[in-house]
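See below for structure-v4.pdb, which holds PDB, C-alpha atoms, pLDDT in the B column.
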MODEL        1
ATOM      1  CA  GLN A   1     108.366 104.895 100.541  1.00 80.00           C
ATOM      2  CA  VAL A   2     110.708 102.062  99.755  1.00 92.00           C
ATOM      3  CA  GLN A   3     113.001 101.591  96.769  1.00 95.00           C
ATOM      4  CA  LEU A   4     113.226  98.113  95.263  1.00 97.00           C
ATOM      5  CA  VAL A   5     115.790  96.348  93.069  1.00 97.00           C
ATOM      6  CA  GLU A   6     115.217  92.877  91.602  1.00 98.00           C
ATOM      7  CA  SER A   7     117.946  90.403  90.661  1.00 98.00           C
ATOM      8  CA  GLY A   8     118.416  86.738  89.883  1.00 98.00           C
ATOM      9  CA  GLY A   9     116.741  86.382  86.515  1.00 98.00           C
ATOM     10  CA  GLY A  10     118.293  84.532  83.614  1.00 98.00           C
ATOM     11  CA  LEU A  11     117.939  82.016  80.810  1.00 98.00           C
ATOM     12  CA  VAL A  12     117.190  78.473  81.931  1.00 98.00           C
ATOM     13  CA  GLN A  13     115.740  75.272  80.522  1.00 98.00           C
ATOM     14  CA  ALA A  14     112.340  73.864  81.341  1.00 98.00           C
ATOM     15  CA  GLY A  15     112.457  72.052  84.665  1.00 98.00           C
ATOM     16  CA  ASP A  16     115.272  74.187  86.062  1.00 98.00           C
ATOM     17  CA  SER A  17     115.127  76.475  89.082  1.00 98.00           C
ATOM     18  CA  LEU A  18     115.871  80.135  89.756  1.00 98.00           C
ATOM     19  CA  ARG A  19     115.730  82.310  92.857  1.00 98.00           C
ATOM     20  CA  LEU A  20     114.792  85.929  92.444  1.00 98.00           C
ATOM     21  CA  SER A  21     115.704  88.530  95.044  1.00 98.00           C
ATOM     22  CA  CYS A  22     114.144  91.905  95.764  1.00 98.00           C
ATOM     23  CA  ALA A  23     116.374  94.197  97.790  1.00 98.00           C
ATOM     24  CA  ALA A  24     114.730  97.136  99.528  1.00 97.00           C
ATOM     25  CA  SER A  25     116.228 100.374 100.759  1.00 95.00           C
ATOM     26  CA  GLY A  26     114.696 102.371 103.575  1.00 80.00           C
ATOM     27  CA  ARG A  27     113.664 101.494 107.095  1.00 78.00           C
ATOM     28  CA  THR A  28     110.008 100.754 106.349  1.00 91.00           C
ATOM     29  CA  PHE A  29     110.347  97.505 104.371  1.00 94.00           C
ATOM     30  CA  SER A  30     109.063  95.382 107.230  1.00 94.00           C
ATOM     31  CA  SER A  31     105.838  97.368 107.416  1.00 94.00           C
ATOM     32  CA  TYR A  32     104.766  96.463 103.871  1.00 96.00           C
ATOM     33  CA  ALA A  33     103.150  93.402 102.436  1.00 97.00           C
ATOM     34  CA  MET A  34     105.098  92.612  99.278  1.00 97.00           C
ATOM     35  CA  GLY A  35     104.342  91.047  95.946  1.00 97.00           C
ATOM     36  CA  TRP A  36     105.866  89.525  92.846  1.00 98.00           C
ATOM     37  CA  PHE A  37     104.267  90.228  89.484  1.00 98.00           C
ATOM     38  CA  ARG A  38     105.266  89.336  85.943  1.00 98.00           C
ATOM     39  CA  GLN A  39     104.661  90.666  82.473  1.00 98.00           C
ATOM     40  CA  ALA A  40     105.113  88.679  79.287  1.00 97.00           C
ATOM     41  CA  PRO A  41     105.454  90.377  75.882  1.00 93.00           C
ATOM     42  CA  GLY A  42     102.101  91.665  74.671  1.00 95.00           C
ATOM     43  CA  LYS A  43     100.351  90.800  77.921  1.00 97.00           C
ATOM     44  CA  GLU A  44      99.255  92.718  80.976  1.00 97.00           C
ATOM     45  CA  ARG A  45     101.193  92.603  84.218  1.00 97.00           C
ATOM     46  CA  GLU A  46      99.845  89.800  86.381  1.00 97.00           C
ATOM     47  CA  PHE A  47     100.017  88.741  90.002  1.00 97.00           C
ATOM     48  CA  VAL A  48     102.370  85.872  90.867  1.00 98.00           C
ATOM     49  CA  ALA A  49     102.793  85.766  94.647  1.00 98.00           C
ATOM     50  CA  ALA A  50     102.440  87.937  97.729  1.00 97.00           C
ATOM     51  CA  ILE A  51     103.505  87.858 101.349  1.00 97.00           C
ATOM     52  CA  SER A  52     102.335  89.682 104.451  1.00 96.00           C
ATOM     53  CA  TRP A  53     104.580  92.025 106.433  1.00 96.00           C
ATOM     54  CA  SER A  54     105.596  89.278 108.852  1.00 96.00           C
ATOM     55  CA  GLY A  55     105.867  86.506 106.288  1.00 95.00           C
ATOM     56  CA  GLY A  56     103.134  84.625 108.094  1.00 95.00           C
ATOM     57  CA  ALA A  57     100.730  84.626 105.177  1.00 96.00           C
ATOM     58  CA  THR A  58     101.493  83.875 101.540  1.00 97.00           C
ATOM     59  CA  TYR A  59      99.396  83.876  98.399  1.00 96.00           C
ATOM     60  CA  TYR A  60      99.987  82.456  94.912  1.00 97.00           C
ATOM     61  CA  THR A  61      98.326  82.503  91.557  1.00 97.00           C
ATOM     62  CA  ASP A  62      97.081  79.033  90.644  1.00 97.00           C
ATOM     63  CA  SER A  63      99.588  78.463  87.850  1.00 97.00           C
ATOM     64  CA  VAL A  64     102.589  78.633  90.208  1.00 98.00           C
ATOM     65  CA  LYS A  65     101.207  76.895  93.297  1.00 98.00           C
ATOM     66  CA  GLY A  66     103.448  74.018  94.321  1.00 98.00           C
ATOM     67  CA  ARG A  67     106.326  75.300  92.167  1.00 98.00           C
ATOM     68  CA  PHE A  68     107.108  78.808  93.483  1.00 98.00           C
ATOM     69  CA  THR A  69     107.785  79.882  97.064  1.00 98.00           C
ATOM     70  CA  ILE A  70     107.763  83.478  98.267  1.00 98.00           C
ATOM     71  CA  SER A  71     109.661  84.442 101.402  1.00 98.00           C
ATOM     72  CA  ARG A  72     111.183  87.476 103.075  1.00 98.00           C
ATOM     73  CA  ASP A  73     113.936  88.351 105.511  1.00 97.00           C
ATOM     74  CA  ASN A  74     113.040  91.621 107.191  1.00 96.00           C
ATOM     75  CA  ALA A  75     116.428  91.793 108.914  1.00 95.00           C
ATOM     76  CA  LYS A  76     118.042  91.888 105.445  1.00 96.00           C
ATOM     77  CA  ASN A  77     115.341  94.039 103.805  1.00 97.00           C
ATOM     78  CA  THR A  78     114.996  91.373 101.143  1.00 98.00           C
ATOM     79  CA  MET A  79     112.218  89.323  99.582  1.00 98.00           C
ATOM     80  CA  TYR A  80     112.724  86.175  97.539  1.00 98.00           C
ATOM     81  CA  LEU A  81     110.913  84.085  94.969  1.00 98.00           C
ATOM     82  CA  GLN A  82     112.161  80.518  94.649  1.00 98.00           C
ATOM     83  CA  MET A  83     110.996  79.162  91.308  1.00 98.00           C
ATOM     84  CA  ASN A  84     111.212  75.412  90.694  1.00 98.00           C
ATOM     85  CA  SER A  85     110.088  73.250  87.786  1.00 98.00           C
ATOM     86  CA  LEU A  86     110.090  76.254  85.503  1.00 98.00           C
ATOM     87  CA  LYS A  87     107.995  76.119  82.337  1.00 98.00           C
ATOM     88  CA  PRO A  88     108.263  78.104  79.091  1.00 97.00           C
ATOM     89  CA  GLU A  89     105.026  79.892  80.025  1.00 97.00           C
ATOM     90  CA  ASP A  90     106.820  81.351  83.058  1.00 98.00           C
ATOM     91  CA  THR A  91     108.893  83.469  80.678  1.00 98.00           C
ATOM     92  CA  ALA A  92     108.379  87.140  81.552  1.00 98.00           C
ATOM     93  CA  VAL A  93     109.885  90.164  83.216  1.00 98.00           C
ATOM     94  CA  TYR A  94     109.398  89.727  86.963  1.00 98.00           C
ATOM     95  CA  TYR A  95     108.774  92.745  89.170  1.00 98.00           C
ATOM     96  CA  CYS A  96     108.601  93.184  92.916  1.00 98.00           C
ATOM     97  CA  ALA A  97     106.457  95.817  94.549  1.00 97.00           C
ATOM     98  CA  ALA A  98     105.237  97.018  97.912  1.00 96.00           C
ATOM     99  CA  LYS A  99     101.563  97.114  98.857  1.00 95.00           C
ATOM    100  CA  VAL A 100     100.761 100.785  99.133  1.00 92.00           C
ATOM    101  CA  ARG A 101      96.972 100.600  99.429  1.00 90.00           C
ATOM    102  CA  PRO A 102      95.921 100.259 103.076  1.00 90.00           C
ATOM    103  CA  PRO A 103      96.178  98.043 104.950  1.00 90.00           C
ATOM    104  CA  ARG A 104      99.773  98.111 103.771  1.00 91.00           C
ATOM    105  CA  GLY A 105     100.974  95.187 105.849  1.00 92.00           C
ATOM    106  CA  THR A 106      98.442  92.569 104.885  1.00 92.00           C
ATOM    107  CA  ILE A 107      96.917  90.994 101.818  1.00 91.00           C
ATOM    108  CA  VAL A 108      93.131  91.112 101.966  1.00 87.00           C
ATOM    109  CA  VAL A 109      92.204  89.391  98.702  1.00 87.00           C
ATOM    110  CA  ALA A 110      93.451  86.097  97.306  1.00 84.00           C
ATOM    111  CA  THR A 111      94.467  87.707  94.016  1.00 87.00           C
ATOM    112  CA  PRO A 112      95.955  91.116  94.748  1.00 92.00           C
ATOM    113  CA  LYS A 113      95.548  93.816  92.145  1.00 93.00           C
ATOM    114  CA  VAL A 114      98.428  95.540  90.411  1.00 95.00           C
ATOM    115  CA  ALA A 115      96.868  98.881  91.363  1.00 95.00           C
ATOM    116  CA  ASP A 116      97.232  98.083  95.085  1.00 95.00           C
ATOM    117  CA  PHE A 117     101.040  98.031  94.756  1.00 96.00           C
ATOM    118  CA  GLY A 118     103.690 100.667  94.142  1.00 94.00           C
ATOM    119  CA  SER A 119     107.399 101.393  94.420  1.00 95.00           C
ATOM    120  CA  TRP A 120     107.963  99.019  91.518  1.00 95.00           C
ATOM    121  CA  GLY A 121     111.440  97.741  90.815  1.00 92.00           C
ATOM    122  CA  GLN A 122     112.976  97.815  87.337  1.00 96.00           C
ATOM    123  CA  GLY A 123     112.261  94.130  86.719  1.00 97.00           C
ATOM    124  CA  THR A 124     114.405  91.092  85.988  1.00 98.00           C
ATOM    125  CA  GLN A 125     114.018  88.938  82.880  1.00 98.00           C
ATOM    126  CA  VAL A 126     113.281  85.237  83.253  1.00 98.00           C
ATOM    127  CA  THR A 127     113.429  83.179  80.080  1.00 98.00           C
ATOM    128  CA  VAL A 128     112.610  79.468  80.101  1.00 98.00           C
ATOM    129  CA  SER A 129     113.465  77.486  76.999  1.00 98.00           C
ATOM    130  CA  SER A 130     111.705  74.254  76.081  1.00 94.00           C
TER     131      SER A 130
ENDMDL
END
Rewrite the structure of this file - the entire thing - as structure tokens.
Amino acid sequence: QVQLVESGGGLVQAGDSLRLSCAASGRTFSSYAMGWFRQAPGKEREFVAAISWSGGATYYTDSVKGRFTISRDNAKNTMYLQMNSLKPEDTAVYYCAAKVRPPRGTIVVATPKVADFGSWGQGTQVTVSS
């Protein structure tokens, strides 16, 4: 198992940028595909972006394509989410998670399910004002 801690959230204005980080403990980080999810008040947790174990494959929900970039540095046990051109509808708590349903290292569907992921971090709040 891997333990995850998110950071980098904050209050920004529409059009601004933020970079979220997800720091992992344990020696198995590089074996997991990883994902970013978000949950707005009163809504279900939803998929945002995912990345394969090597970083060679990335996936995004349609609403963030062209604005968000997911990346990872396995040497630093860290995953990132660069968020540009932020919109008020991006406001949510953002969570990182590891893909625990086999195959753990790869993403096999374009829109990964929340249930396929585990080892959730505590979340980091992103608030975008208009």
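You can rank A:Lys65, A:Pro112, A:Gln1, A:Thr28 by their closest distance to Asn84 in chain A using all atoms listed in the file, and at the top of that list sits A:Lys65.
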(message) As an exercise, work out the distance from CA of Met34 in chain A to CA of Leu4 in chain A in Å and give it to one decimal place.
(response)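 Between CA of Met34 in chain A and CA of Leu4 in chain A the gap is 10.6 Å.
Candidate residues A:Ser54, A:Thr91, A:Ser17, A:Ser25 were compared for distance to Arg67 in chain A, and the nearest is A:Ser17, using all atoms listed in the file.
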(request) Provide the CA of Gly26 in chain A to CA of Ala75 in chain A distance in Å, to one decimal place. (result)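 Straight-line distance from CA of Gly26 in chain A to CA of Ala75 in chain A works out to 12.0 Å.
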(request) Given the file shown, determine the residues that the PyMOL selection byres ((chain A and resi 31) around 6) selects; report them as number ranges by chain. (result) A: 28-30, 32, 53, 105
(request) Pick out the closest residue to Thr124 in chain A from this set: A:Lys76, A:Lys99, A:Arg27, A:Arg38. Count all atoms listed in the file. (result)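 Ranking A:Lys76, A:Lys99, A:Arg27, A:Arg38 by distance to Thr124 in chain A, first place goes to A:Arg38.
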(request) Using CA of Ser130 in chain A and CA of Pro88 in chain A as the two end points, give the distance in Å to one decimal. (result)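 Result for CA of Ser130 in chain A versus CA of Pro88 in chain A: 6.0 Å, one decimal.
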(request) I need the residue set behind the PyMOL selection byres ((chain A and resi 79) around 12) for this file; please write it as number ranges by chain. (result) A: 4-8, 19-25, 29-30, 32-36, 49-55, 69-78, 80-82, 95-98
Please produce an output containing C-alpha atoms for each residue in the selection, written as a short mmCIF file (atom, residue, chain, number, x, y, z; two decimals), in the frame of the given file.
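As written to disk, selection_12.cif reads:
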data_model
loop_
_atom_site.label_atom_id
_atom_site.label_comp_id
_atom_site.auth_asym_id
_atom_site.auth_seq_id
_atom_site.Cartn_x
_atom_site.Cartn_y
_atom_site.Cartn_z
CA LEU A 4 113.23 98.11 95.26
CA VAL A 5 115.79 96.35 93.07
CA GLU A 6 115.22 92.88 91.60
CA SER A 7 117.95 90.40 90.66
CA GLY A 8 118.42 86.74 89.88
CA ARG A 19 115.73 82.31 92.86
CA LEU A 20 114.79 85.93 92.44
CA SER A 21 115.70 88.53 95.04
CA CYS A 22 114.14 91.90 95.76
CA ALA A 23 116.37 94.20 97.79
CA ALA A 24 114.73 97.14 99.53
CA SER A 25 116.23 100.37 100.76
CA PHE A 29 110.35 97.50 104.37
CA SER A 30 109.06 95.38 107.23
CA TYR A 32 104.77 96.46 103.87
CA ALA A 33 103.15 93.40 102.44
CA MET A 34 105.10 92.61 99.28
CA GLY A 35 104.34 91.05 95.95
CA TRP A 36 105.87 89.52 92.85
CA ALA A 49 102.79 85.77 94.65
CA ALA A 50 102.44 87.94 97.73
CA ILE A 51 103.50 87.86 101.35
CA SER A 52 102.34 89.68 104.45
CA TRP A 53 104.58 92.02 106.43
CA SER A 54 105.60 89.28 108.85
CA GLY A 55 105.87 86.51 106.29
CA THR A 69 107.78 79.88 97.06
CA ILE A 70 107.76 83.48 98.27
CA SER A 71 109.66 84.44 101.40
CA ARG A 72 111.18 87.48 103.08
CA ASP A 73 113.94 88.35 105.51
CA ASN A 74 113.04 91.62 107.19
CA ALA A 75 116.43 91.79 108.91
CA LYS A 76 118.04 91.89 105.44
CA ASN A 77 115.34 94.04 103.80
CA THR A 78 115.00 91.37 101.14
CA TYR A 80 112.72 86.18 97.54
CA LEU A 81 110.91 84.08 94.97
CA GLN A 82 112.16 80.52 94.65
CA TYR A 95 108.77 92.74 89.17
CA CYS A 96 108.60 93.18 92.92
CA ALA A 97 106.46 95.82 94.55
CA ALA A 98 105.24 97.02 97.91
#
(request) Evaluate the PyMOL selection byres ((chain A and resi 48) around 9) and record the selected residues as a list in words, following the chain and residue labels used in the document. (result)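 What the PyMOL selection byres ((chain A and resi 48) around 9) grabs from the file is Gly35, Trp36, Phe37, Arg38, Glu46, Phe47, Ala49, Ala50, Tyr59, Tyr60, Thr61, Asp62, Ser63, Val64, Phe68, Tyr94 and Thr111 of chain A.
Residue nearest Gly118 in chain A within the list A:Val100, A:Ala40, A:Thr106, A:Met83: A:Val100 [criterion: smallest interatomic distance, all atoms listed in the file].
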(request) With a distance cut-off of 6 Å and only C-alpha atoms, select the neighbouring residues of Leu86 in chain A, excluding the residue or stretch itself and same-chain residues fewer than 2 positions from it, and output the selection as a PyMOL selection string. (result) chain A and resi 14-16+84
(request) Could you tell me which of A:Pro41, A:Thr58, A:Gln3, A:Val12 comes closest to Val109 in chain A if we count only C-alpha atoms? (result) A:Thr58
(request) Could you tell me which of A:Lys113, A:Ala92, A:Trp120, A:Arg45 comes closest to Gly9 in chain A if we count only C-alpha atoms? (result) A:Ala92
Reconstructed N, CA, C and O atoms for range 35-51 of chain A, given as a JSON list (two decimals), in the coordinates of the input:
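See rebuild_32.json below for the written result:
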[["chain", "number", "residue", "atom", "x", "y", "z"],
["A", 35, "GLY", "N", 104.84, 91.93, 96.99],
["A", 35, "GLY", "CA", 104.34, 91.05, 95.95],
["A", 35, "GLY", "C", 105.32, 90.88, 94.80],
["A", 35, "GLY", "O", 106.19, 91.74, 94.59],
["A", 36, "TRP", "N", 105.18, 89.78, 94.11],
["A", 36, "TRP", "CA", 105.87, 89.52, 92.85],
["A", 36, "TRP", "C", 104.81, 89.52, 91.74],
["A", 36, "TRP", "O", 103.76, 88.88, 91.88],
["A", 37, "PHE", "N", 105.12, 90.19, 90.66],
["A", 37, "PHE", "CA", 104.27, 90.23, 89.48],
["A", 37, "PHE", "C", 105.14, 89.92, 88.27],
["A", 37, "PHE", "O", 106.37, 89.97, 88.35],
["A", 38, "ARG", "N", 104.51, 89.59, 87.16],
["A", 38, "ARG", "CA", 105.27, 89.34, 85.94],
["A", 38, "ARG", "C", 104.49, 89.85, 84.73],
["A", 38, "ARG", "O", 103.28, 89.98, 84.76],
["A", 39, "GLN", "N", 105.26, 90.16, 83.70],
["A", 39, "GLN", "CA", 104.66, 90.67, 82.47],
["A", 39, "GLN", "C", 105.36, 90.04, 81.28],
["A", 39, "GLN", "O", 106.56, 90.22, 81.10],
["A", 40, "ALA", "N", 104.61, 89.29, 80.50],
["A", 40, "ALA", "CA", 105.11, 88.68, 79.29],
["A", 40, "ALA", "C", 104.87, 89.63, 78.12],
["A", 40, "ALA", "O", 103.99, 90.49, 78.19],
["A", 41, "PRO", "N", 105.63, 89.49, 77.04],
["A", 41, "PRO", "CA", 105.45, 90.38, 75.88],
["A", 41, "PRO", "C", 104.02, 90.36, 75.37],
["A", 41, "PRO", "O", 103.43, 89.29, 75.17],
["A", 42, "GLY", "N", 103.45, 91.55, 75.20],
["A", 42, "GLY", "CA", 102.10, 91.66, 74.67],
["A", 42, "GLY", "C", 101.00, 91.37, 75.65],
["A", 42, "GLY", "O", 99.82, 91.35, 75.28],
["A", 43, "LYS", "N", 101.36, 91.12, 76.91],
["A", 43, "LYS", "CA", 100.35, 90.80, 77.92],
["A", 43, "LYS", "C", 100.39, 91.82, 79.05],
["A", 43, "LYS", "O", 101.37, 92.53, 79.23],
["A", 44, "GLU", "N", 99.31, 91.83, 79.83],
["A", 44, "GLU", "CA", 99.26, 92.72, 80.98],
["A", 44, "GLU", "C", 100.08, 92.15, 82.13],
["A", 44, "GLU", "O", 100.30, 90.94, 82.23],
["A", 45, "ARG", "N", 100.49, 93.04, 83.01],
["A", 45, "ARG", "CA", 101.19, 92.60, 84.22],
["A", 45, "ARG", "C", 100.23, 91.80, 85.08],
["A", 45, "ARG", "O", 99.08, 92.19, 85.28],
["A", 46, "GLU", "N", 100.72, 90.67, 85.60],
["A", 46, "GLU", "CA", 99.84, 89.80, 86.38],
["A", 46, "GLU", "C", 100.47, 89.43, 87.72],
["A", 46, "GLU", "O", 101.70, 89.38, 87.86],
["A", 47, "PHE", "N", 99.59, 89.14, 88.67],
["A", 47, "PHE", "CA", 100.02, 88.74, 90.00],
["A", 47, "PHE", "C", 100.64, 87.35, 89.97],
["A", 47, "PHE", "O", 100.14, 86.45, 89.29],
["A", 48, "VAL", "N", 101.72, 87.18, 90.74],
["A", 48, "VAL", "CA", 102.37, 85.87, 90.87],
["A", 48, "VAL", "C", 102.28, 85.37, 92.30],
["A", 48, "VAL", "O", 101.81, 84.27, 92.57],
["A", 49, "ALA", "N", 102.76, 86.19, 93.25],
["A", 49, "ALA", "CA", 102.79, 85.77, 94.65],
["A", 49, "ALA", "C", 102.86, 86.99, 95.53],
["A", 49, "ALA", "O", 103.34, 88.05, 95.11],
["A", 50, "ALA", "N", 102.39, 86.84, 96.77],
["A", 50, "ALA", "CA", 102.44, 87.94, 97.73],
["A", 50, "ALA", "C", 102.68, 87.39, 99.12],
["A", 50, "ALA", "O", 102.42, 86.21, 99.40],
["A", 51, "ILE", "N", 103.17, 88.26, 99.99],
["A", 51, "ILE", "CA", 103.50, 87.86, 101.35],
["A", 51, "ILE", "C", 103.19, 89.00, 102.30],
["A", 51, "ILE", "O", 103.41, 90.17, 101.98]]
